[in-house]
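protein.pdb follows; it contains PDB, C-alpha atoms, pLDDT in the B column.
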```
ATOM      1  CA  MET R 119       0.000   0.000   0.000  1.00 74.00           C
ATOM      2  CA  LEU R 120       1.293   3.403  -0.980  1.00 83.00           C
ATOM      3  CA  VAL R 121       0.788   6.250   1.480  1.00 92.00           C
ATOM      4  CA  ARG R 122       1.369   9.755   0.184  1.00 90.00           C
ATOM      5  CA  ILE R 123       1.617  13.012   2.073  1.00 94.00           C
ATOM      6  CA  ASP R 124       2.228  16.614   1.068  1.00 94.00           C
ATOM      7  CA  PRO R 125       4.334  18.401   3.689  1.00 92.00           C
ATOM      8  CA  ALA R 126       3.370  21.758   2.129  1.00 93.00           C
ATOM      9  CA  SER R 127      -0.359  21.125   2.632  1.00 90.00           C
ATOM     10  CA  ALA R 128      -2.313  22.899   5.365  1.00 86.00           C
ATOM     11  CA  VAL R 129      -3.889  19.522   6.226  1.00 88.00           C
ATOM     12  CA  PRO R 130      -2.121  17.952   9.237  1.00 93.00           C
ATOM     13  CA  LEU R 131       0.162  15.049   8.288  1.00 96.00           C
ATOM     14  CA  GLY R 132      -1.707  12.575  10.502  1.00 96.00           C
ATOM     15  CA  ASP R 133      -4.937  13.465   8.716  1.00 93.00           C
ATOM     16  CA  GLN R 134      -3.211  13.020   5.356  1.00 95.00           C
ATOM     17  CA  ILE R 135      -2.036   9.557   6.385  1.00 96.00           C
ATOM     18  CA  ALA R 136      -5.574   8.639   7.499  1.00 94.00           C
ATOM     19  CA  ALA R 137      -6.996   9.965   4.221  1.00 91.00           C
ATOM     20  CA  SER R 138      -4.494   7.941   2.201  1.00 94.00           C
ATOM     21  CA  VAL R 139      -5.405   4.706   3.999  1.00 93.00           C
ATOM     22  CA  ARG R 140      -9.109   5.566   3.789  1.00 89.00           C
ATOM     23  CA  GLY R 141      -8.694   6.072   0.040  1.00 88.00           C
ATOM     24  CA  ALA R 142      -7.005   2.674  -0.305  1.00 90.00           C
ATOM     25  CA  ILE R 143      -9.942   1.052   1.481  1.00 88.00           C
ATOM     26  CA  ALA R 144     -12.425   3.015  -0.657  1.00 85.00           C
ATOM     27  CA  ASP R 145     -10.817   1.975  -3.946  1.00 86.00           C
ATOM     28  CA  GLY R 146     -10.549  -1.644  -2.847  1.00 86.00           C
ATOM     29  CA  SER R 147      -6.770  -1.869  -2.874  1.00 90.00           C
ATOM     30  CA  VAL R 148      -6.809  -2.676   0.864  1.00 90.00           C
ATOM     31  CA  HIS R 149      -9.281  -5.216   2.259  1.00 89.00           C
ATOM     32  CA  ALA R 150     -10.634  -6.323   5.628  1.00 89.00           C
ATOM     33  CA  GLY R 151      -8.089  -8.348   7.570  1.00 91.00           C
ATOM     34  CA  GLU R 152      -5.051  -6.767   5.921  1.00 93.00           C
ATOM     35  CA  ARG R 153      -2.317  -5.377   8.123  1.00 94.00           C
ATOM     36  CA  LEU R 154      -1.183  -1.826   7.579  1.00 95.00           C
ATOM     37  CA  PRO R 155       2.504  -0.969   7.662  1.00 95.00           C
ATOM     38  CA  ALA R 156       3.969  -0.763  11.155  1.00 94.00           C
ATOM     39  CA  ALA R 157       3.827   2.826  12.417  1.00 94.00           C
ATOM     40  CA  ARG R 158       7.601   2.994  12.831  1.00 95.00           C
ATOM     41  CA  THR R 159       8.233   1.621   9.333  1.00 95.00           C
ATOM     42  CA  LEU R 160       5.744   4.002   7.740  1.00 96.00           C
ATOM     43  CA  ALA R 161       7.154   6.951   9.693  1.00 97.00           C
ATOM     44  CA  VAL R 162      10.666   6.223   8.409  1.00 97.00           C
ATOM     45  CA  SER R 163       9.477   5.822   4.811  1.00 96.00           C
ATOM     46  CA  LEU R 164       7.531   9.107   4.941  1.00 96.00           C
ATOM     47  CA  GLY R 165      10.154  10.998   6.925  1.00 96.00           C
ATOM     48  CA  VAL R 166       7.755  11.867   9.755  1.00 97.00           C
ATOM     49  CA  ASN R 167       7.586  11.222  13.482  1.00 96.00           C
ATOM     50  CA  VAL R 168       6.093   7.884  14.535  1.00 96.00           C
ATOM     51  CA  HIS R 169       3.509   9.769  16.622  1.00 97.00           C
ATOM     52  CA  THR R 170       2.261  11.444  13.441  1.00 97.00           C
ATOM     53  CA  VAL R 171       1.540   8.029  11.937  1.00 97.00           C
ATOM     54  CA  LEU R 172      -0.076   6.882  15.178  1.00 96.00           C
ATOM     55  CA  ARG R 173      -2.367   9.960  15.124  1.00 96.00           C
ATOM     56  CA  GLY R 174      -3.503   8.977  11.625  1.00 97.00           C
ATOM     57  CA  TYR R 175      -4.038   5.374  12.685  1.00 96.00           C
ATOM     58  CA  GLN R 176      -5.944   6.517  15.798  1.00 96.00           C
ATOM     59  CA  ARG R 177      -8.283   8.583  13.614  1.00 93.00           C
ATOM     60  CA  LEU R 178      -8.964   5.497  11.449  1.00 94.00           C
ATOM     61  CA  LYS R 179      -9.618   3.463  14.601  1.00 94.00           C
ATOM     62  CA  GLU R 180     -12.130   6.081  15.806  1.00 91.00           C
ATOM     63  CA  GLU R 181     -13.852   5.838  12.416  1.00 88.00           C
ATOM     64  CA  GLY R 182     -14.126   2.063  12.815  1.00 88.00           C
ATOM     65  CA  LEU R 183     -11.949   1.376   9.777  1.00 90.00           C
ATOM     66  CA  ILE R 184      -9.009  -0.264  11.577  1.00 94.00           C
ATOM     67  CA  GLU R 185      -8.222  -2.025  14.825  1.00 94.00           C
ATOM     68  CA  LEU R 186      -4.995  -1.380  16.698  1.00 93.00           C
ATOM     69  CA  ARG R 187      -3.799  -4.662  18.166  1.00 83.00           C
ATOM     70  CA  ARG R 188      -0.877  -4.922  20.501  1.00 82.00           C
ATOM     71  CA  GLY R 189       1.750  -7.086  18.857  1.00 80.00           C
ATOM     72  CA  ARG R 190      -0.114  -7.242  15.528  1.00 80.00           C
ATOM     73  CA  GLY R 191      -0.273  -3.563  14.672  1.00 89.00           C
ATOM     74  CA  ALA R 192      -3.014  -1.927  12.634  1.00 94.00           C
ATOM     75  CA  VAL R 193      -5.473  -4.250  10.903  1.00 94.00           C
ATOM     76  CA  VAL R 194      -8.314  -3.221   8.585  1.00 93.00           C
ATOM     77  CA  THR R 195     -11.646  -4.182  10.175  1.00 90.00           C
ATOM     78  CA  GLY R 196     -14.493  -6.094   8.625  1.00 75.00           C
ATOM     79  CA  ALA R 197     -16.595  -2.920   8.927  1.00 69.00           C
ATOM     80  CA  ALA R 198     -14.154  -1.135   6.595  1.00 63.00           C
ATOM     81  CA  SER R 199     -16.169  -1.406   3.413  1.00 72.00           C
ATOM     82  CA  PRO R 200     -15.246   0.728   0.412  1.00 76.00           C
ATOM     83  CA  ALA R 201     -18.639   2.471   0.668  1.00 78.00           C
ATOM     84  CA  ARG R 202     -18.088   3.340   4.338  1.00 77.00           C
ATOM     85  CA  ALA R 203     -14.578   4.602   3.609  1.00 77.00           C
ATOM     86  CA  ARG R 204     -15.921   6.833   0.796  1.00 80.00           C
ATOM     87  CA  LEU R 205     -18.644   8.165   3.093  1.00 84.00           C
ATOM     88  CA  THR R 206     -16.115   8.888   5.835  1.00 81.00           C
ATOM     89  CA  ASP R 207     -13.904  10.654   3.294  1.00 81.00           C
ATOM     90  CA  ALA R 208     -16.887  12.743   2.136  1.00 87.00           C
ATOM     91  CA  ALA R 209     -17.662  13.684   5.744  1.00 88.00           C
ATOM     92  CA  ALA R 210     -14.040  14.757   6.234  1.00 84.00           C
ATOM     93  CA  GLY R 211     -14.338  16.875   3.094  1.00 87.00           C
ATOM     94  CA  LEU R 212     -17.505  18.506   4.418  1.00 91.00           C
ATOM     95  CA  ILE R 213     -15.762  19.357   7.677  1.00 90.00           C
ATOM     96  CA  THR R 214     -12.741  20.787   5.848  1.00 88.00           C
ATOM     97  CA  GLN R 215     -14.989  22.974   3.680  1.00 91.00           C
ATOM     98  CA  ALA R 216     -17.070  24.125   6.635  1.00 93.00           C
ATOM     99  CA  ARG R 217     -13.983  25.066   8.641  1.00 90.00           C
ATOM    100  CA  ALA R 218     -12.582  26.927   5.627  1.00 91.00           C
ATOM    101  CA  LEU R 219     -15.801  28.984   5.693  1.00 94.00           C
ATOM    102  CA  GLY R 220     -15.199  29.739   9.356  1.00 94.00           C
ATOM    103  CA  LEU R 221     -17.900  27.526  10.860  1.00 94.00           C
ATOM    104  CA  SER R 222     -17.332  26.287  14.393  1.00 94.00           C
ATOM    105  CA  ASP R 223     -17.679  22.613  15.295  1.00 92.00           C
ATOM    106  CA  ASP R 224     -21.050  23.357  16.911  1.00 94.00           C
ATOM    107  CA  GLU R 225     -22.241  25.094  13.734  1.00 95.00           C
ATOM    108  CA  ILE R 226     -21.136  22.112  11.624  1.00 93.00           C
ATOM    109  CA  VAL R 227     -23.013  19.693  13.895  1.00 93.00           C
ATOM    110  CA  THR R 228     -26.101  21.918  13.748  1.00 93.00           C
ATOM    111  CA  LEU R 229     -25.872  21.990   9.952  1.00 91.00           C
ATOM    112  CA  VAL R 230     -25.745  18.195   9.803  1.00 90.00           C
ATOM    113  CA  ARG R 231     -28.550  17.774  12.333  1.00 90.00           C
ATOM    114  CA  THR R 232     -30.748  20.212  10.427  1.00 91.00           C
ATOM    115  CA  ASN R 233     -30.245  18.241   7.248  1.00 88.00           C
ATOM    116  CA  LEU R 234     -30.853  14.924   9.011  1.00 88.00           C
ATOM    117  CA  SER R 235     -34.315  16.099  10.034  1.00 85.00           C
ATOM    118  CA  ARG R 236     -35.311  16.923   6.445  1.00 82.00           C
ATOM    119  CA  PRO R 237     -37.162  14.360   4.359  1.00 80.00           C
ATOM    120  CA  LEU R 238     -35.010  12.746   1.664  1.00 74.00           C
ATOM    121  CA  GLY R 239     -34.811  14.633  -1.587  1.00 67.00           C
ATOM    122  CA  THR R 240     -35.724  18.055  -0.190  1.00 62.00           C
ATOM    123  CA  GLY R 241     -32.140  19.445  -0.473  1.00 59.00           C
TER     124      GLY R 241
END
```

Translate the structure described by the file into structure tokens.
Amino acid sequence: MLVRIDPASAVPLGDQIAASVRGAIADGSVHAGERLPAARTLAVSLGVNVHTVLRGYQRLKEEGLIELRRGRGAVVTGAASPARARLTDAAAGLITQARALGLSDDEIVTLVRTNLSRPLGTG
């Protein structure tokens, strides 16, 4: 699996690592049960601190896409379907856009909740 980051990007490196793994799950190049590269190995290959990789992996764990197992490392979960990974990526994009517009976290949550209460197809 190829993980790419852009050190010049405003997006934090840990988030870029998570997005790269999420993309690999979404496009089907990484499947449930597969082990991700060890955090230390990936950190060396990307030229970043191991804690940066661990932050990315922790984000993926919080999203339910990977499990972090002591002694086994990071493993893609059975819940990590390509559709779920794409949806998670879309949600991250929404948050990035909303923050770029200056919305607070509470305003973003309110925006989502408002749209959840609308009937489907009423944009």

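If you apply the PyMOL selection byres ((chain R and resi 182) around 9) to this structure, you end up with Arg177, Leu178, Lys179, Glu180, Glu181, Leu183, Ile184, Glu185, Val194, Thr195, Ala197 and Ala198 of chain R.
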
* **Among the residues R:Arg202, R:Arg140, R:Arg190, R:Arg231, the one that comes closest to Ala157 (chain R) [using only C-alpha atoms]** =>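 Among R:Arg202, R:Arg140, R:Arg190, R:Arg231, it is R:Arg190 that comes nearest to Ala157 (chain R).
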
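Neighbouring residues of Thr170 (chain R) at 8 Å or closer, counting only C-alpha atoms and skipping chain neighbours under 6 positions away, are Leu131, Gly132 and Ala161 of chain R.
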
* Convert the output of the PyMOL selection byres ((chain R and resi 154) around 6) on the shown file into explicit residues, formatted as a ChimeraX atom specification. => /R:153,155,192-193

* Asked: How many Å separate CA of Ser163 (chain R) from CA of Thr214 (chain R)?
  ->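 Taking CA of Ser163 (chain R) as the start and CA of Thr214 (chain R) as the end point, the length is 26.8 Å.
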
* Asked: Quick one: which residues end up in the PyMOL selection byres ((chain R and resi 123) around 9) for this structure, as a PyMOL selection string?
  -> chain R and resi 121-122+124-127+131+134-135+138+164

* Contacts of Val227 (chain R) within 12 Å, all atoms listed in the file, excl. fewer than 3 positions in-chain, as a PyMOL selection string -> chain R and resi 209+212-213+216-217+221-224+230-234

* Of the candidates R:Ala201, R:Leu238, R:Leu120, R:Ala210, which shows the shortest atom-to-atom distance to Ser147 (chain R), using all atoms listed in the file? ->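 Counting all atoms listed in the file, the residue closest to Ser147 (chain R) is R:Leu120.
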
* So what do you get for CA of His149 (chain R) versus CA of Gln176 (chain R), distance-wise? -> 18.2 Å

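CA of Ser199 (chain R) lies 21.4 Å from CA of Arg173 (chain R).
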
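If you measure from each of R:Leu186, R:Leu160, R:Ile143, R:Leu172 to Arg204 (chain R) using all atoms listed in the file, the closest one turns out to be R:Ile143.
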
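With all atoms listed in the file as the basis for measurement, R:Ala156 is the residue among R:Ala208, R:Ala128, R:Ala156, R:Leu219 that approaches Arg188 (chain R) most closely.
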